[in-house]
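Heads up, the thing below is written out as structure tokens.
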Amino acid sequence: MANEYYNRYDNFTLNGNTTYIPFVNVPKKTSDKVYIYKLGVSRLDKISQLYYNSPFFGWLILQANPQYSGSELNIPDNAVLTIPFPLITSLLDYKSAINDYFYYYGGW
């Protein structure tokens, strides 16, 4: 799964239409990495490639850094980013948080 595309929208598609995608917290782990973001140099796809060998997980990095409101444009120079690590465990944590969200708040 690490080198494959993980479609996070699968959980939010109903009859071919994407529904509301809630924000969920990705729990912090002692295995998480730290990255210093350099404005004009860093990009989430490149950071994802560096840590996950795949450019497709910038969204997961944003989930772990909610202080930037889900947009790379809000990340300031020299910001300290939490990189959820390892990838598979972090994706499972994300899926669990989504399942909890649906359990407590319902879906669609």
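Ordering of the structure tokens sets the chain letters (A, B, ...), residue numbers begin anew at 1 in every chain, and ligands are numbered from 1 in the order given.
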
Taking a cut-off of 12 Å and counting only C-alpha atoms, can you build a table that, for each residue of range 14-34 of chain A near range 90-102 of chain A, reports the nearest atom pair and how far apart they are in Å (one decimal), sorted by chain then residue number, as CSV?
residue,atom,partner,partner_atom,distance
A:Tyr20,CA,A:Phe102,CA,11.7
A:Ile21,CA,A:Ile98,CA,9.3
A:Pro22,CA,A:Ile98,CA,8.0
A:Phe23,CA,A:Ile98,CA,8.6
A:Val24,CA,A:Ala97,CA,6.1
A:Asn25,CA,A:Ala97,CA,7.0
A:Val26,CA,A:Tyr94,CA,5.7
A:Pro27,CA,A:Asp93,CA,7.0
A:Lys28,CA,A:Ser90,CA,9.1
A:Lys29,CA,A:Ser90,CA,8.9
A:Thr30,CA,A:Ser90,CA,11.8
A:Ser31,CA,A:Ser90,CA,10.1
A:Asp32,CA,A:Ser90,CA,9.1
A:Lys33,CA,A:Ser90,CA,11.8

Write a file of the selected residues as a PDB file, in the first residue's frame, keeping N, CA and C atoms.
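Okay, selection.pdb is ready:
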ATOM      1  N   TYR A  20     -19.330  15.409   2.128  1.00  0.00           N
ATOM      2  CA  TYR A  20     -18.542  16.159   3.107  1.00  0.00           C
ATOM      3  C   TYR A  20     -17.413  15.294   3.668  1.00  0.00           C
ATOM      4  N   ILE A  21     -16.214  15.863   3.727  1.00  0.00           N
ATOM      5  CA  ILE A  21     -15.058  15.154   4.284  1.00  0.00           C
ATOM      6  C   ILE A  21     -14.702  15.830   5.607  1.00  0.00           C
ATOM      7  N   PRO A  22     -14.944  15.148   6.715  1.00  0.00           N
ATOM      8  CA  PRO A  22     -14.693  15.780   8.018  1.00  0.00           C
ATOM      9  C   PRO A  22     -13.200  15.831   8.341  1.00  0.00           C
ATOM     10  N   PHE A  23     -12.838  16.805   9.157  1.00  0.00           N
ATOM     11  CA  PHE A  23     -11.480  16.819   9.685  1.00  0.00           C
ATOM     12  C   PHE A  23     -11.440  15.872  10.872  1.00  0.00           C
ATOM     13  N   VAL A  24     -10.443  15.017  10.898  1.00  0.00           N
ATOM     14  CA  VAL A  24     -10.223  14.151  12.055  1.00  0.00           C
ATOM     15  C   VAL A  24      -8.773  14.293  12.485  1.00  0.00           C
ATOM     16  N   ASN A  25      -8.540  14.145  13.763  1.00  0.00           N
ATOM     17  CA  ASN A  25      -7.179  14.218  14.279  1.00  0.00           C
ATOM     18  C   ASN A  25      -6.433  12.929  14.009  1.00  0.00           C
ATOM     19  N   VAL A  26      -5.229  13.062  13.501  1.00  0.00           N
ATOM     20  CA  VAL A  26      -4.327  11.921  13.361  1.00  0.00           C
ATOM     21  C   VAL A  26      -3.522  11.882  14.653  1.00  0.00           C
ATOM     22  N   PRO A  27      -3.661  10.810  15.423  1.00  0.00           N
ATOM     23  CA  PRO A  27      -2.970  10.784  16.717  1.00  0.00           C
ATOM     24  C   PRO A  27      -1.450  10.865  16.575  1.00  0.00           C
ATOM     25  N   LYS A  28      -0.849  11.556  17.496  1.00  0.00           N
ATOM     26  CA  LYS A  28       0.612  11.656  17.534  1.00  0.00           C
ATOM     27  C   LYS A  28       1.198  10.330  18.004  1.00  0.00           C
ATOM     28  N   LYS A  29       2.357   9.997  17.427  1.00  0.00           N
ATOM     29  CA  LYS A  29       3.072   8.777  17.817  1.00  0.00           C
ATOM     30  C   LYS A  29       4.523   9.140  18.097  1.00  0.00           C
ATOM     31  N   THR A  30       5.168   8.352  18.910  1.00  0.00           N
ATOM     32  CA  THR A  30       6.585   8.601  19.193  1.00  0.00           C
ATOM     33  C   THR A  30       7.440   8.371  17.958  1.00  0.00           C
ATOM     34  N   SER A  31       6.919   7.649  16.985  1.00  0.00           N
ATOM     35  CA  SER A  31       7.664   7.367  15.760  1.00  0.00           C
ATOM     36  C   SER A  31       7.531   8.477  14.717  1.00  0.00           C
ATOM     37  N   ASP A  32       6.668   9.484  14.970  1.00  0.00           N
ATOM     38  CA  ASP A  32       6.492  10.574  14.020  1.00  0.00           C
ATOM     39  C   ASP A  32       7.814  11.302  13.796  1.00  0.00           C
ATOM     40  N   LYS A  33       7.941  11.876  12.615  1.00  0.00           N
ATOM     41  CA  LYS A  33       9.131  12.646  12.245  1.00  0.00           C
ATOM     42  C   LYS A  33       8.815  14.132  12.315  1.00  0.00           C
TER      43      LYS A  33
END

| Could you write out, as JSON, numbers by chain, all the residues of range 13-95 of chain A that DSSP marks as strand (DSSP E or B)? | {"A": [13, 14, 17, 18, 33, 34, 35, 36, 80, 81, 82, 83]}

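In this comparison, which uses only C-alpha atoms, the residue of A:Glu72, A:Ile88, A:Asn17, A:Gln67 approaching Tyr51 in chain A most closely is A:Ile88.
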
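Closest approach to Leu39 in chain A from the set A:Asn78, A:Ser71, A:Asn7, A:Thr19 is made by A:Asn78, with distances taken over only C-alpha atoms.
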
Margin query: Using only C-alpha atoms, which protein or nucleic acid residues come within 12 Å of Ser42 in chain A? Drop anything in the same chain fewer than 5 positions from it, and give the result as a list in words.
Written below: Tyr35, Ile36, Tyr37, Ile47, Ser48, Gln49, Leu50, Gly58, Glu72, Leu73, Ile75, Pro76, Asp77, Asn78, Ala79, Val80 and Leu81 of chain A

| said: For the helix (DSSP H, G or I) assignment from backbone DSSP, which residues of chain A qualify? Please present them as a VMD selection string. | reply: chain A and resid 8 to 12 44 to 52 55 to 63 66 to 68 72 to 74 87 to 105

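Excluding Phe56 in chain A and any residue on its chain fewer than 6 positions from it, the residues at most 9 Å away by only C-alpha atoms are Glu4, Tyr5, Tyr6, Leu44, Asp45, Ser48 and Gln49 of chain A.
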
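CA of Asp10 in chain A is found 16.2 Å from CA of Gly106 in chain A.
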
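CA of Ile61 in chain A lies 7.0 Å from CA of Thr82 in chain A.
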